[in-house]
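Asks: Can you read through this structure? Questions will come right after.
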Amino acid sequence: MASNRCCFFLEIILSIILPPLGVFLHYGCCSMEFCICLLLTILGYVPGIIYAIYVLVAVEHEPYRRYYYEPLA
């Protein structure tokens, strides 16, 4: 449990330094969240930070993860 909080804290710190990196560690490189964060960081550093912290703190990704990895048959 403490390890999970430590990883979350590290993702937040990395999101402040380099926003797409924190989102990449949490969601992966082919996710919509990562692409939006990368685009916002290219357009402006501060919007990238705001979006990255919002996505990491406010959006729960477990329901989406279950939906994406659900078998088709």
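A note on labels: chains of the structure tokens are A, B, ... as shown, every chain counts residues from 1, and ligands are counted from 1 in their shown order.
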Quick one: everything within 9 Å of Ile53 of chain A, counting only C-alpha atoms, minus sequence neighbours fewer than 6 positions away in the same chain. Send it as a PyMOL selection string.
Replies: chain A and resi 11-12+15-16+19+22-23
Asks: Which residues, written as a list in words, have at least one atom at most 12 Å from Glu33 of chain A, with only C-alpha atoms counted and residues fewer than 6 positions away on the same chain left out?
Replies: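 Everything that qualifies: Pro19, Pro20, Leu21, Gly22, Val23, Phe24, Leu25, His26, Tyr27, Leu39, Leu40, Gly48, Tyr51, Ala52, Ile53, Tyr54, Val55, Leu56, Val59, Glu60, His61 and Tyr64 of chain A.
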Asks: Mind pulling up the distance from atom CA of Val57 of chain A to atom CA of Leu18 of chain A?
Replies: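 Pair atom CA of Leu18 of chain A / atom CA of Val57 of chain A returns 16.1 Å.
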Asks: To one decimal place in Å, what is the distance between atom CA of Val46 of chain A and atom CA of Ile17 of chain A?
Replies: 10.6 Å
Asks: Would you compute the distance between atom CA of Ile49 of chain A and atom CA of Phe34 of chain A? Give it in Å to one decimal.
Replies: 12.1 Å
